Amino acid sequence: MTARLRVGMLSGVRHAGQYARLLAADPQVELVGIAESTNAADWMIADSKAVAASLGLPFVSGIEQFLDTEALDMAIVCSEPTRHAALAIAALDRSIDTLVDKPIAVTLDDAVAVARAAEASSSRCSVVNRTYSSGLRRLRRWVDDGSLGLPLHVDVEYLSSGAHFAEAVERPEMVIDPALSGGGEALNFLGYAIDAVHMLTGLAVVDVYAEMSCLFDFGHARHDVEDCSVVSLLLEHGVTATLTVGRTPAAAGYGPGSSSVRLIGSHGHATADDDEPQVMQFGSDRLVSAHPVGGGGGAALAGFFDDVVASMIDGSEPRYTVRDALATMSVIDAAYRSSRDGTNVGIERA
């Protein structure tokens, strides 16, 4: 690898500007360009060119040519979700370390294919997530030191405000048109909540029950996809979790979204809020204490990128691996099947 981590972006239609700006601020990283497929839709080529121009980066026509001719240390997939798996596999097949925007894929079979490509190439692969949230990490430390006792139940809520739809999503169809998104808001957001539960408990999901619906309709009904979901999880050792995710007219906060996590333990419970970064601790002694943690919602993404860059440079595996993303996709797949059939769906252990 060169002295600086050479990073190329595969498509620029989804989150590319945000991710590139984070990486550009890191002196260990050299952004070498944004590539788009020659057969991509005209608007995709135009959007990718516009992002490249805004960042002062070269635009390259032809993703395969870009992967073959550029000396890349890492490729970042920033396409619409339905191309995530194909672009990730193209990079991994060339033994290029790969970071995929969430979700890893839009089907479980495609997620398995990405994981197999990473294993076959011995390249590292990670997926964008929010497990570096300051509040989540404080909660995990309290789990580790026994402050809350044994985890018994986790409540997770991720809501995006429909009032901020235009600023939160480059093009709404990329999260509501299955031809581009692969599904609705569960595919878009549910992974964040599942990752939070796994991070806090370390336990695998064994059973899923989900209800999904189009309650508010920001264009979702036209494409027959859900905007809100409530998902119940049974984890190992009888631990449970409830996940509420979706796009609502107004989120529980002032910005484009809100997130909160409550962990109930055998000796107390605590609630973390990323929008007002603090953790509230409710002890068995009836004392309540607030612990500011700083960072806000943006800290989760910045912390994740710091870890990915560090791992790619020193040759170690990122903390969030392709196996973690595959496990999360297994739960998302089960949630969709449960909602469709109205039944509990078990998760097969690998």
# chains A, B, ... in the order shown; residues from 1 in each chain; ligands from 1
$ residues_around --residues "Ala71 in chain A" --least-positions-apart "5" --cutoff "12 Å" --atoms "only C-alpha atoms" --output "count of residues only"
18
$ residues_around --residues "Phe59 in chain A" --least-positions-apart "5" --cutoff "12 Å" --atoms "only C-alpha atoms" --output "PyMOL selection string"
chain A and resi 8-12+31-38+45-54+66
$ closest_atom_pairs --of "range 191-281 of chain A" --to "range 325-328 of chain A" --cutoff "10 Å" --atoms "only C-alpha atoms" --output "CSV"
residue,atom,partner,partner_atom,distance
A:Gly191,CA,A:Thr328,CA,6.1
A:Tyr192,CA,A:Thr328,CA,8.9
A:Ala193,CA,A:Thr328,CA,9.4
A:Ile194,CA,A:Thr328,CA,6.3
A:Asp195,CA,A:Thr328,CA,6.7
A:His198,CA,A:Thr328,CA,8.9
A:Ala204,CA,A:Ala327,CA,8.4
A:Val205,CA,A:Ala327,CA,8.8
$ write_last_selection --atoms "C-alpha atoms" --output "compact mmCIF listing (two decimals), in the first residue's frame"
# COMPACT_ATOMS: atom_id res chain seq x y z
CA GLY A 191 -30.03 -2.36 10.05
CA TYR A 192 -29.10 0.50 12.37
CA ALA A 193 -31.46 -0.81 15.05
CA ILE A 194 -30.39 -4.44 14.68
CA ASP A 195 -26.73 -3.44 14.91
CA HIS A 198 -26.20 -6.79 18.80
CA ALA A 204 -27.69 -13.54 18.15
CA VAL A 205 -31.30 -13.13 17.04
$ closest_residue --among "A:Phe189, A:Ala210, A:Arg14, A:Ala88" --to "Asp341 in chain A" --atoms "only C-alpha atoms"
A:Ala210
$ select_by_dssp --residues "range 37-83 of chain A" --states "strand (DSSP E or B)" --output "ChimeraX atom specification"
/A:59-61,74-77
$ write_last_selection --atoms "C-alpha atoms" --output "mmCIF file, in the first residue's frame"
data_model
loop_
_atom_site.group_PDB
_atom_site.id
_atom_site.type_symbol
_atom_site.label_atom_id
_atom_site.label_comp_id
_atom_site.auth_asym_id
_atom_site.auth_seq_id
_atom_site.Cartn_x
_atom_site.Cartn_y
_atom_site.Cartn_z
ATOM 1 C CA PHE A 59 -14.726 11.701 -12.760
ATOM 2 C CA VAL A 60 -14.056 8.365 -14.458
ATOM 3 C CA SER A 61 -16.428 6.776 -16.972
ATOM 4 C CA MET A 74 -10.017 0.827 -0.902
ATOM 5 C CA ALA A 75 -13.203 1.246 -2.923
ATOM 6 C CA ILE A 76 -16.366 2.781 -1.470
ATOM 7 C CA VAL A 77 -19.698 1.772 -2.983
#
$ residues_around --residues "Asp177 in chain A" --least-positions-apart "6" --cutoff "9 Å" --atoms "only C-alpha atoms" --output "mmCIF file with all heavy atoms, in the first residue's frame"
data_model
loop_
_atom_site.group_PDB
_atom_site.id
_atom_site.type_symbol
_atom_site.label_atom_id
_atom_site.label_comp_id
_atom_site.auth_asym_id
_atom_site.auth_seq_id
_atom_site.Cartn_x
_atom_site.Cartn_y
_atom_site.Cartn_z
ATOM 1 N N GLY A 183 -36.474 -2.017 -1.569
ATOM 2 C CA GLY A 183 -37.513 -2.169 -0.556
ATOM 3 C C GLY A 183 -37.913 -0.814 -0.027
ATOM 4 O O GLY A 183 -37.692 0.215 -0.676
ATOM 5 N N GLY A 184 -38.470 -0.788 1.183
ATOM 6 C CA GLY A 184 -38.895 0.458 1.789
ATOM 7 C C GLY A 184 -37.970 0.890 2.912
ATOM 8 O O GLY A 184 -36.777 0.593 2.910
ATOM 9 N N GLY A 219 -44.824 9.076 -0.771
ATOM 10 C CA GLY A 219 -44.594 8.466 -2.066
ATOM 11 C C GLY A 219 -44.449 6.963 -1.971
ATOM 12 O O GLY A 219 -44.366 6.271 -2.995
ATOM 13 N N HIS A 220 -44.437 6.441 -0.750
ATOM 14 C CA HIS A 220 -44.236 5.009 -0.550
ATOM 15 C C HIS A 220 -45.391 4.175 -1.100
ATOM 16 O O HIS A 220 -45.178 3.112 -1.671
ATOM 17 C CB HIS A 220 -44.046 4.712 0.944
ATOM 18 C CG HIS A 220 -42.836 5.341 1.546
ATOM 19 N ND1 HIS A 220 -42.710 6.707 1.727
ATOM 20 C CD2 HIS A 220 -41.671 4.798 2.012
ATOM 21 C CE1 HIS A 220 -41.542 6.972 2.282
ATOM 22 N NE2 HIS A 220 -40.895 5.832 2.470
ATOM 23 N N ARG A 222 -47.320 4.640 -3.575
ATOM 24 C CA ARG A 222 -47.270 4.518 -5.038
ATOM 25 C C ARG A 222 -46.377 3.351 -5.452
ATOM 26 O O ARG A 222 -46.596 2.727 -6.490
ATOM 27 C CB ARG A 222 -46.769 5.840 -5.633
ATOM 28 C CG ARG A 222 -46.602 5.857 -7.142
ATOM 29 C CD ARG A 222 -46.544 7.298 -7.626
ATOM 30 N NE ARG A 222 -45.627 8.102 -6.834
ATOM 31 C CZ ARG A 222 -44.340 8.294 -7.122
ATOM 32 N NH1 ARG A 222 -43.816 7.685 -8.175
ATOM 33 N NH2 ARG A 222 -43.588 9.058 -6.370
ATOM 34 N N HIS A 223 -45.360 3.059 -4.640
ATOM 35 C CA HIS A 223 -44.426 1.973 -4.958
ATOM 36 C C HIS A 223 -44.697 0.723 -4.114
ATOM 37 O O HIS A 223 -43.920 -0.241 -4.178
ATOM 38 C CB HIS A 223 -42.994 2.447 -4.737
ATOM 39 C CG HIS A 223 -42.555 3.520 -5.689
ATOM 40 N ND1 HIS A 223 -42.257 3.260 -7.005
ATOM 41 C CD2 HIS A 223 -42.384 4.850 -5.513
ATOM 42 C CE1 HIS A 223 -41.905 4.395 -7.604
ATOM 43 N NE2 HIS A 223 -41.978 5.366 -6.720
ATOM 44 N N ASP A 224 -45.775 0.760 -3.303
ATOM 45 C CA ASP A 224 -46.169 -0.393 -2.494
ATOM 46 C C ASP A 224 -45.046 -0.827 -1.547
ATOM 47 O O ASP A 224 -44.734 -2.017 -1.427
ATOM 48 C CB ASP A 224 -46.598 -1.558 -3.392
ATOM 49 C CG ASP A 224 -47.336 -2.648 -2.610
ATOM 50 O OD1 ASP A 224 -47.959 -2.312 -1.600
ATOM 51 O OD2 ASP A 224 -47.266 -3.821 -3.025
ATOM 52 N N VAL A 225 -44.441 0.150 -0.864
ATOM 53 C CA VAL A 225 -43.421 -0.150 0.142
ATOM 54 C C VAL A 225 -43.797 0.543 1.450
ATOM 55 O O VAL A 225 -44.526 1.537 1.459
ATOM 56 C CB VAL A 225 -42.010 0.287 -0.295
ATOM 57 C CG1 VAL A 225 -41.549 -0.500 -1.502
ATOM 58 C CG2 VAL A 225 -41.948 1.790 -0.556
#
$ select_by_dssp --residues "range 31-131 of chain A" --states "alpha helix (DSSP H)" --output "JSON, numbers by chain"
{"A": [42, 43, 44, 45, 46, 47, 48, 49, 50, 51, 52, 53, 54, 55, 63, 64, 65, 66, 67, 68, 69, 84, 85, 86, 87, 88, 89, 90, 91, 92, 108, 109, 110, 111, 112, 113, 114, 115, 116, 117, 118, 119, 120, 121]}
$ residues_around --residues "Arg130 in chain A" --least-positions-apart "4" --cutoff "9 Å" --atoms "only C-alpha atoms" --output "PyMOL selection string"
chain A and resi 136+192-193+195-196+297+299-301+303-304
$ decode --residues "range 313-337 of chain A" --atoms "C-alpha atoms" --output "PDB file, in the first residue's frame"
ATOM      1  CA  ILE A 313      -3.741   1.175   6.927  1.00  0.00           C
ATOM      2  CA  ASP A 314      -2.469  -1.224   9.592  1.00  0.00           C
ATOM      3  CA  GLY A 315      -3.795  -4.353   7.895  1.00  0.00           C
ATOM      4  CA  SER A 316      -6.243  -5.354  10.625  1.00  0.00           C
ATOM      5  CA  GLU A 317      -9.898  -6.253  10.265  1.00  0.00           C
ATOM      6  CA  PRO A 318     -12.468  -3.484  10.843  1.00  0.00           C
ATOM      7  CA  ARG A 319     -14.503  -3.873  14.013  1.00  0.00           C
ATOM      8  CA  TYR A 320     -17.663  -4.071  11.912  1.00  0.00           C
ATOM      9  CA  THR A 321     -17.094  -6.865   9.425  1.00  0.00           C
ATOM     10  CA  VAL A 322     -18.921  -8.278   6.446  1.00  0.00           C
ATOM     11  CA  ARG A 323     -20.031 -11.122   8.726  1.00  0.00           C
ATOM     12  CA  ASP A 324     -21.740  -8.594  11.006  1.00  0.00           C
ATOM     13  CA  ALA A 325     -23.502  -7.071   7.997  1.00  0.00           C
ATOM     14  CA  LEU A 326     -24.592 -10.517   6.796  1.00  0.00           C
ATOM     15  CA  ALA A 327     -26.071 -11.358  10.213  1.00  0.00           C
ATOM     16  CA  THR A 328     -27.978  -8.071  10.170  1.00  0.00           C
ATOM     17  CA  MET A 329     -29.259  -8.729   6.653  1.00  0.00           C
ATOM     18  CA  SER A 330     -30.518 -12.138   7.825  1.00  0.00           C
ATOM     19  CA  VAL A 331     -32.715 -10.389  10.385  1.00  0.00           C
ATOM     20  CA  ILE A 332     -33.952  -7.807   7.859  1.00  0.00           C
ATOM     21  CA  ASP A 333     -34.866 -10.619   5.469  1.00  0.00           C
ATOM     22  CA  ALA A 334     -36.723 -12.442   8.249  1.00  0.00           C
ATOM     23  CA  ALA A 335     -38.592  -9.243   9.171  1.00  0.00           C
ATOM     24  CA  TYR A 336     -39.853  -8.811   5.611  1.00  0.00           C
ATOM     25  CA  ARG A 337     -40.960 -12.445   5.468  1.00  0.00           C
TER      26      ARG A 337
END
